[in-house]
>>> print(open('upload.cif').read())   # mmCIF, C-alpha atoms
data_target
loop_
_atom_site.label_atom_id
_atom_site.label_comp_id
_atom_site.auth_asym_id
_atom_site.auth_seq_id
_atom_site.Cartn_x
_atom_site.Cartn_y
_atom_site.Cartn_z
CA ALA A 1 -17.57 7.04 7.76
CA VAL A 2 -16.26 10.07 9.68
CA VAL A 3 -13.23 11.81 8.20
CA ALA A 4 -11.49 15.19 8.55
CA HIS A 5 -9.18 17.45 6.58
CA ILE A 6 -10.13 15.74 3.31
CA ASP A 7 -11.76 17.63 0.48
CA PRO A 8 -14.78 15.50 -0.53
CA GLU A 9 -14.74 17.06 -4.00
CA ALA A 10 -11.04 16.44 -4.72
CA GLY A 11 -11.52 13.12 -6.49
CA ALA A 12 -8.50 10.90 -7.14
CA HIS A 13 -6.48 9.57 -4.21
CA THR A 14 -8.87 10.90 -1.57
CA LEU A 15 -12.41 9.92 -0.63
CA ARG A 16 -13.01 8.32 -4.02
CA ASP A 17 -10.48 5.61 -3.19
CA VAL A 18 -11.85 5.26 0.34
CA ALA A 19 -15.37 4.84 -1.04
CA LEU A 20 -14.24 2.16 -3.48
CA ALA A 21 -12.41 0.31 -0.69
CA LEU A 22 -15.43 0.49 1.61
CA LYS A 23 -17.65 -0.91 -1.11
CA THR A 24 -15.27 -3.84 -1.42
CA LEU A 25 -15.48 -4.47 2.33
CA VAL A 26 -19.20 -3.97 3.02
CA GLY A 27 -20.65 -4.98 -0.32
CA SER A 28 -21.71 -3.03 -3.37
CA SER A 29 -25.32 -2.73 -2.20
CA THR A 30 -24.47 -0.97 1.09
CA PRO A 31 -24.76 2.85 0.95
CA VAL A 32 -21.77 4.88 2.13
CA ALA A 33 -22.08 8.29 3.80
CA PHE A 34 -19.06 10.47 4.58
CA PHE A 35 -19.39 12.98 7.40
CA THR A 36 -16.37 15.20 6.96
CA GLY A 37 -15.18 18.52 8.30
CA HIS A 38 -12.46 20.53 10.03
CA ARG A 39 -11.92 22.58 6.85
CA HIS A 40 -14.47 25.20 7.94
CA ARG A 41 -16.70 24.91 4.88
CA LEU A 42 -20.21 23.85 3.95
CA VAL A 43 -20.04 21.23 1.20
CA PHE A 44 -22.42 18.54 -0.03
CA VAL A 45 -21.40 15.95 -2.62
CA PRO A 46 -24.52 14.17 -3.90
CA PRO A 47 -24.89 10.47 -4.65
CA GLY A 48 -23.44 9.55 -8.02
CA ASP A 49 -20.82 12.29 -8.10
CA ALA A 50 -17.61 11.30 -9.89
CA SER A 51 -15.41 12.72 -7.10
CA LEU A 52 -16.68 9.89 -4.85
CA GLY A 53 -16.33 7.21 -7.48
CA GLY A 54 -19.69 7.65 -9.18
CA ALA A 55 -21.60 5.06 -7.14
CA PRO A 56 -25.30 6.05 -6.94
CA ASP A 57 -25.48 5.51 -3.16
CA VAL A 58 -22.32 7.27 -1.93
CA PHE A 59 -22.48 10.86 -0.69
CA ALA A 60 -20.65 13.29 1.61
CA ILE A 61 -21.58 16.27 3.74
CA GLU A 62 -19.28 18.78 5.41
CA SER A 63 -20.83 21.10 7.95
CA GLY A 64 -18.71 24.11 8.66
CA LYS A 65 -17.08 25.17 11.89
CA TYR A 66 -17.56 25.97 15.55
CA LEU A 67 -21.19 24.84 15.57
CA GLN A 68 -22.21 27.71 13.29
CA ALA A 69 -24.37 25.24 11.40
CA VAL A 70 -25.61 21.69 11.82
CA GLY A 71 -25.75 19.47 8.76
CA ALA A 72 -28.89 17.41 8.29
CA VAL A 73 -29.47 14.62 5.77
CA LEU A 74 -32.91 13.18 5.01
CA ILE A 75 -33.14 9.87 3.19
CA SER A 76 -36.71 9.30 2.06
CA ASP A 77 -36.15 5.67 1.02
CA VAL A 78 -33.38 3.85 2.89
CA ASP A 79 -33.76 0.83 0.61
CA ASN A 80 -33.13 2.93 -2.47
CA VAL A 81 -30.44 5.53 -1.73
CA ASN A 82 -29.75 7.78 -4.70
CA ALA A 83 -29.70 11.42 -5.76
CA ASP A 84 -33.50 11.58 -5.72
CA THR A 85 -33.98 10.14 -2.23
CA VAL A 86 -31.15 11.98 -0.43
CA LYS A 87 -31.79 15.59 0.57
CA HIS A 88 -29.69 17.84 2.79
CA THR A 89 -29.76 21.17 4.58
CA TRP A 90 -27.75 23.17 7.09
CA LEU A 91 -29.53 24.47 10.16
CA PRO A 92 -28.30 27.57 11.98
CA ALA A 93 -27.05 26.44 15.38
CA ASN A 94 -29.72 28.11 17.49
CA VAL A 95 -32.80 27.09 19.45
CA GLU A 96 -35.22 28.67 17.00
CA ALA A 97 -33.90 26.63 14.06
CA PHE A 98 -33.89 23.40 16.04
CA ALA A 99 -37.46 23.97 17.22
CA MET A 100 -38.61 24.58 13.66
CA ALA A 101 -36.77 21.49 12.40
CA VAL A 102 -38.57 19.17 14.82
CA ARG A 103 -41.89 21.06 14.42
CA PHE A 104 -41.99 21.97 18.08
CA ASP A 105 -45.25 23.78 18.82
CA GLY A 106 -44.53 24.91 22.38
CA THR A 107 -42.77 28.05 23.61
CA LEU A 108 -39.01 28.43 23.34
CA SER A 109 -38.80 28.97 27.09
CA GLN A 110 -39.66 25.28 27.47
CA TRP A 111 -36.29 24.48 25.92
CA ARG A 112 -34.52 26.31 28.74
CA THR A 113 -34.04 23.41 31.08
CA PRO A 114 -32.31 23.89 34.45
CA SER A 115 -29.13 22.39 32.99
CA ALA A 116 -29.24 24.75 30.00
CA ILE A 117 -29.77 27.76 32.27
CA ALA A 118 -26.87 26.73 34.51
CA LEU A 119 -24.61 26.25 31.50
CA GLN A 120 -25.46 29.70 30.11
CA GLN A 121 -24.78 31.28 33.49
CA ASN A 122 -21.40 29.55 33.69
CA ILE A 123 -20.53 30.76 30.17
CA ASP A 124 -21.56 34.34 31.02
CA ALA A 125 -19.51 34.27 34.23
CA ALA A 126 -16.42 32.94 32.44
CA THR A 127 -16.82 35.52 29.66
CA ALA A 128 -16.93 38.33 32.22
CA ARG A 129 -14.03 36.92 34.25
CA LEU A 130 -11.79 36.61 31.19
CA GLY A 131 -12.74 40.02 29.80
CA LEU A 132 -13.87 38.57 26.49
CA ASN A 133 -16.43 41.34 25.90
CA ARG A 134 -13.85 44.13 26.18
CA THR A 135 -13.79 46.26 23.02
CA LEU A 136 -10.40 46.45 21.30
CA GLY A 137 -11.37 48.76 18.46
CA CYS A 138 -13.94 49.45 15.76
CA VAL A 139 -13.57 48.00 12.25
CA PRO A 140 -14.79 50.43 9.56
CA ARG A 141 -15.92 47.81 7.03
CA THR A 142 -16.32 44.07 6.60
CA TYR A 143 -13.41 42.06 5.17
CA VAL A 144 -14.07 38.60 3.73
CA ARG A 145 -11.81 35.55 3.95
CA ARG A 146 -12.92 34.03 0.67
CA ALA A 147 -12.69 37.21 -1.39
CA ASP A 148 -9.92 37.24 -3.98
CA VAL A 149 -6.83 39.12 -2.80
CA THR A 150 -7.36 41.59 -5.67
CA GLU A 151 -10.72 42.66 -4.21
CA PRO A 152 -10.95 45.66 -1.84
CA ASN A 153 -12.92 43.64 0.72
CA SER A 154 -10.36 40.80 0.88
CA LEU A 155 -9.25 40.02 4.44
CA TYR A 156 -5.93 38.62 3.22
CA ALA A 157 -5.31 41.71 1.08
CA LEU A 158 -5.78 43.71 4.29
CA LEU A 159 -3.27 41.42 6.02
CA PHE A 160 -0.67 41.89 3.28
CA ARG A 161 -1.25 45.62 2.83
CA ASP A 162 -1.99 47.10 6.25
CA ILE A 163 -1.41 44.55 9.01
CA ALA A 164 1.81 42.58 8.44
CA PRO A 165 3.99 45.45 7.10
CA HIS A 166 3.24 47.61 10.15
CA TYR A 167 2.70 45.06 12.92
CA LEU A 168 5.00 42.16 11.97
CA TYR A 169 7.80 43.09 9.58
CA ALA A 170 11.12 44.57 10.69
CA PRO A 171 10.91 48.22 9.49
CA ALA A 172 14.38 48.20 7.92
CA ARG A 173 13.52 45.14 5.81
CA ARG A 174 9.88 45.95 5.05
CA GLU A 175 10.38 46.24 1.27
CA HIS A 176 12.24 42.92 1.14
CA THR A 177 10.03 40.85 3.43
CA VAL A 178 7.43 38.49 1.96
CA LEU A 179 4.71 36.96 4.09
CA VAL A 180 3.45 33.51 3.16
CA THR A 181 0.25 32.28 4.78
CA ASN A 182 -2.65 30.01 3.87
CA GLN A 183 -6.39 30.26 3.43
CA ALA A 184 -7.05 28.78 6.87
CA ALA A 185 -5.01 31.31 8.85
CA TYR A 186 -8.07 33.43 9.57
CA ARG A 187 -11.08 31.44 10.77
CA THR A 188 -13.88 33.98 10.23
CA ASP A 189 -14.54 37.15 8.30
CA LEU A 190 -13.62 40.47 9.92
CA TYR A 191 -16.93 42.22 10.45
CA ALA A 192 -17.60 45.95 10.58
CA GLY A 193 -18.33 47.40 13.99
CA LYS A 194 -17.02 46.91 17.50
CA PHE A 195 -14.33 44.24 17.73
CA ARG A 196 -14.07 42.50 21.09
CA VAL A 197 -11.52 40.15 22.62
CA ASN A 198 -13.87 37.26 21.95
CA ASP A 199 -13.92 38.22 18.25
CA LEU A 200 -10.13 38.19 18.19
CA TYR A 201 -9.94 34.56 19.29
CA GLN A 202 -12.63 33.54 16.83
CA LEU A 203 -10.87 35.31 13.96
CA SER A 204 -7.28 34.41 14.83
CA PRO A 205 -7.00 31.75 17.54
CA PHE A 206 -3.47 30.57 16.82
CA ASN A 207 -0.42 31.18 18.97
CA SER A 208 2.04 29.89 16.37
CA THR A 209 5.16 32.03 16.18
CA TYR A 210 6.65 33.25 12.92
CA ARG A 211 9.80 31.91 11.33
CA ALA A 212 11.83 33.31 8.44
CA VAL A 213 14.06 31.96 5.71
CA SER A 214 16.44 34.89 5.27
CA GLY A 215 18.51 35.99 2.32
CA VAL A 216 16.59 34.21 -0.44
CA PRO A 217 17.93 35.56 -3.77
CA GLY A 218 15.48 36.99 -6.27
CA THR A 219 16.47 34.29 -8.75
CA LEU A 220 14.89 31.73 -6.40
CA MET A 221 12.13 33.97 -5.10
CA GLN A 222 9.95 34.01 -8.21
CA PRO A 223 10.10 30.21 -8.74
CA LEU A 224 9.26 29.80 -5.04
CA ILE A 225 6.22 32.06 -5.36
CA ASP A 226 5.09 30.20 -8.47
CA ARG A 227 5.30 26.88 -6.63
CA LEU A 228 3.53 28.22 -3.55
CA LEU A 229 0.63 29.46 -5.65
CA THR A 230 0.27 26.15 -7.47
CA PRO A 231 -2.48 24.06 -5.79
CA THR A 232 -1.02 20.96 -4.13
CA PRO A 233 -3.15 17.97 -3.03
CA GLY A 234 -3.10 17.58 0.74
CA PHE A 235 -2.06 21.17 1.47
CA THR A 236 -4.20 24.19 2.28
CA PRO A 237 -3.70 26.64 -0.64
CA SER A 238 -0.91 29.15 -0.01
CA LEU A 239 -1.27 32.91 -0.19
CA VAL A 240 1.75 35.13 -0.85
CA ALA A 241 2.06 38.86 -0.20
CA PRO A 242 2.42 40.74 -3.50
CA VAL A 243 6.01 41.67 -4.31
CA ASP A 244 7.91 42.89 -7.38
CA VAL A 245 10.83 40.49 -7.36
CA ALA A 246 14.20 41.93 -8.34
CA PRO A 247 16.67 39.18 -9.35
CA ARG A 248 19.63 40.87 -7.65
CA GLU A 249 17.89 41.50 -4.32
CA ARG A 250 17.57 39.14 -1.36
CA TYR A 251 14.35 38.54 0.52
CA ASP A 252 13.19 37.33 3.92
CA VAL A 253 10.35 34.82 3.55
CA VAL A 254 8.23 34.91 6.70
CA ALA A 255 5.65 32.28 7.69
CA THR A 256 4.34 30.42 10.70
CA THR A 257 5.86 27.05 11.59
CA TYR A 258 3.10 25.24 9.67
CA ASP A 259 4.02 26.94 6.37
CA SER A 260 7.75 27.39 6.94
CA ARG A 261 8.45 23.66 6.68
CA TYR A 262 6.80 23.59 3.26
CA ILE A 263 8.84 26.62 2.18
CA GLU A 264 12.08 24.88 3.24
CA ARG A 265 11.14 21.85 1.18
CA LEU A 266 10.30 23.88 -1.92
CA LEU A 267 13.52 25.91 -1.73
CA ALA A 268 15.53 22.70 -1.44
CA GLU A 269 13.85 21.35 -4.58
CA ILE A 270 14.23 24.58 -6.55
CA SER A 271 17.84 25.30 -5.60
CA GLY A 272 19.11 21.74 -5.48
CA ASP A 273 20.74 22.54 -2.14
CA GLY A 274 18.70 20.67 0.45
CA GLY A 275 20.74 21.67 3.49
CA ARG A 276 21.06 25.40 3.03
CA TRP A 277 17.58 26.87 3.38
CA ARG A 278 16.39 26.64 6.95
CA ALA A 279 13.85 28.80 8.75
CA ALA A 280 14.78 30.44 12.05
CA ASP A 281 12.67 32.25 14.63
CA TYR A 282 11.65 35.63 13.27
CA ALA A 283 13.04 37.68 16.11
CA ALA A 284 12.39 40.90 14.19
CA GLY A 285 8.66 40.39 14.49
CA VAL A 286 7.17 43.09 16.71
CA ASN A 287 4.05 40.96 17.24
CA PRO A 288 5.29 37.40 16.70
CA THR A 289 1.92 35.59 16.37
CA ASP A 290 -1.19 36.00 14.22
CA THR A 291 -3.24 36.80 17.30
CA LEU A 292 -0.93 39.51 18.62
CA MET A 293 -0.47 41.04 15.17
CA THR A 294 -4.22 41.22 14.55
CA LYS A 295 -4.82 42.59 18.04
CA ALA A 296 -2.30 45.39 17.51
CA TYR A 297 -3.94 46.35 14.22
CA VAL A 298 -7.49 46.44 15.60
CA GLU A 299 -6.37 48.46 18.63
CA SER A 300 -5.25 51.13 16.19
CA LEU A 301 -8.82 51.48 14.89
CA ARG A 302 -10.53 53.98 17.16
CA CYS A 303 -14.24 53.90 17.89
CA LEU A 304 -16.01 57.15 17.07
#
>>> encode(input="upload.cif", output="structure tokens")
Amino acid sequence: AVVAHIDPEAGAHTLRDVALALKTLVGSSTPVAFFTGHRHRLVFVPPGDASLGGAPDVFAIESGKYLQAVGAVLISDVDNVNADTVKHTWLPANVEAFAMAVRFDGTLSQWRTPSAIALQQNIDAATARLGLNRTLGCVPRTYVRRADVTEPNSLYALLFRDIAPHYLYAPARREHTVLVTNQAAYRTDLYAGKFRVNDLYQLSPFNSTYRAVSGVPGTLMQPLIDRLLTPTPGFTPSLVAPVDVAPRERYDVVATTYDSRYIERLLAEISGDGGRWRAADYAAGVNPTDTLMTKAYVESLRCL
């Protein structure tokens, strides 16, 4: 079965229920394999795992993003699928790894067929034409998506601390603006060294504009933050810019369209006033998209 946007380790009400239903349809003796993805992670759930219902012949593999890796599953005994007979690996998406995987004993130049050469030439020409190799700036250190926001190498801590306040927020409201994003907003780590246009669109490919729920009182702000930081099945975990909430102050909650709808719903539940809290276009935003905001920040980092 091929699925997307479903955490294979989540358990109840997700792939576990799908696995149980499939077993009912195809028979208890038929193995079930889930090929999942679109969450940009590498995950393998082995046969017998409780998150997939505990059946000894049901497993799942999730193989990352953008062809950075290719998932491979080897079943040594197809008549007896279980944790001992199912092995997996992830191959780097390059010719060398593929050649090694199939035990190719020729030269790598033999893989460069006329079609492959033509394709590479077309890619190189398009890259040059679009200016994708133009350097925007130089990043002094590597920032990691998955690092906790309390860590100095956290990419999202960098977003909250140095990028959004200077390249998104309205200066007059900077101290009372709170950015809400999610753990899928950035698609790669931000690596040290020269940062090119091509890197920008790998890191931050979205053109979603920002919206804001304005004038949220501090008495609602802290409950809203608490709810946003509580994991919710079916939603990518939220991340909230650190703020010391003052009950008598009012705040502008800024997020892209994807997150702003969720914020509206939570405020309606918390306040009991479902019609009041509506997000509007964040006209104050100097760089109104993730891509433009990130670009402006990197352009400020000079190459020595």
>>> closest_atom_pairs(input="upload.cif", of="stretch 11-103 of chain A", to="stretch 191-203 of chain A", cutoff="12 Å", atoms="only C-alpha atoms", output="tab-separated table")
residue	atom	partner	partner_atom	distance
A:Lys65	CA	A:Gln202	CA	10.7
A:Tyr66	CA	A:Gln202	CA	9.1
A:Gln68	CA	A:Gln202	CA	11.8
>>> atom_distance(input="upload.cif", atom1="atom CA of A:Tyr282", atom2="atom CA of A:Ala184")
20.9 Å
>>> closest_residue(input="upload.cif", among="A:Ser29, A:Thr219, A:Thr232, A:Asn82", to="A:Ala246", atoms="all atoms listed in the file")
A:Thr219
>>> residues_around(input="upload.cif", residues="A:Pro223", least_positions_apart="6", cutoff="12 Å", atoms="all atoms listed in the file", output="list of chain:residue names")
A:Val216, A:Pro217, A:Leu229, A:Thr230, A:Val245, A:Pro247, A:Ile263, A:Leu266, A:Leu267, A:Ala268, A:Glu269, A:Ile270, A:Ser271
>>> resolve_selection(input="upload.cif", expression="the PyMOL selection byres ((chain A and resi 169) around 12)", output="JSON, numbers by chain")
{"A": [159, 160, 161, 162, 163, 164, 165, 166, 167, 168, 170, 171, 172, 173, 174, 175, 176, 177, 178, 179, 210, 211, 212, 252, 253, 254, 255, 282, 283, 284, 285, 286, 287, 288, 289, 293]}
>>> residues_near_point(input="upload.cif", point="(-1.4, 34.5, -0.6)", cutoff="10 Å", atoms="all atoms listed in the file", output="PyMOL selection string")
chain A and resi 148-149+156-157+159-160+179-183+225+228-229+237-242
>>> residues_around(input="upload.cif", residues="A:Leu22", least_positions_apart="3", cutoff="12 Å", atoms="all atoms listed in the file", output="list of chain:residue names")
A:Ala1, A:Leu15, A:Arg16, A:Asp17, A:Val18, A:Ala19, A:Leu25, A:Val26, A:Gly27, A:Ser28, A:Ser29, A:Thr30, A:Pro31, A:Val32, A:Ala33, A:Phe34, A:Leu52, A:Gly53, A:Ala55, A:Val58
>>> closest_residue(input="upload.cif", among="A:Asp189, A:Glu62, A:Asp281, A:Asp57", to="A:Glu9", atoms="all atoms listed in the file")
A:Glu62
>>> resolve_selection(input="upload.cif", expression="the PyMOL selection byres ((chain A and resi 291) around 7)", output="count of residues only")
10
>>> atom_distance(input="upload.cif", atom1="atom CA of A:Glu299", atom2="atom CA of A:Pro140")
12.5 Å
>>> atom_distance(input="upload.cif", atom1="atom CA of A:Ala279", atom2="atom CA of A:Thr257")
8.7 Å
>>> resolve_selection(input="upload.cif", expression="the PyMOL selection byres ((chain A and resi 76) around 6)", output="list of chain:residue names")
A:Ile75, A:Asp77, A:Thr85
>>> residues_around(input="upload.cif", residues="A:Ile6", least_positions_apart="2", cutoff="9 Å", atoms="all atoms listed in the file", output="PDB file with C-alpha atoms, in the coordinates of the input")
ATOM      1  CA  VAL A   3     -13.230  11.810   8.200  1.00  0.00           C
ATOM      2  CA  ALA A   4     -11.490  15.190   8.550  1.00  0.00           C
ATOM      3  CA  PRO A   8     -14.780  15.500  -0.530  1.00  0.00           C
ATOM      4  CA  GLU A   9     -14.740  17.060  -4.000  1.00  0.00           C
ATOM      5  CA  ALA A  10     -11.040  16.440  -4.720  1.00  0.00           C
ATOM      6  CA  THR A  14      -8.870  10.900  -1.570  1.00  0.00           C
ATOM      7  CA  LEU A  15     -12.410   9.920  -0.630  1.00  0.00           C
ATOM      8  CA  THR A  36     -16.370  15.200   6.960  1.00  0.00           C
ATOM      9  CA  GLY A  37     -15.180  18.520   8.300  1.00  0.00           C
ATOM     10  CA  HIS A  38     -12.460  20.530  10.030  1.00  0.00           C
ATOM     11  CA  ARG A  39     -11.920  22.580   6.850  1.00  0.00           C
ATOM     12  CA  GLY A 234      -3.100  17.580   0.740  1.00  0.00           C
TER      13      GLY A 234
END
>>> closest_residue(input="upload.cif", among="A:Cys138, A:Ala125, A:Val45, A:Leu108", to="A:Ser63", atoms="all atoms listed in the file")
A:Val45
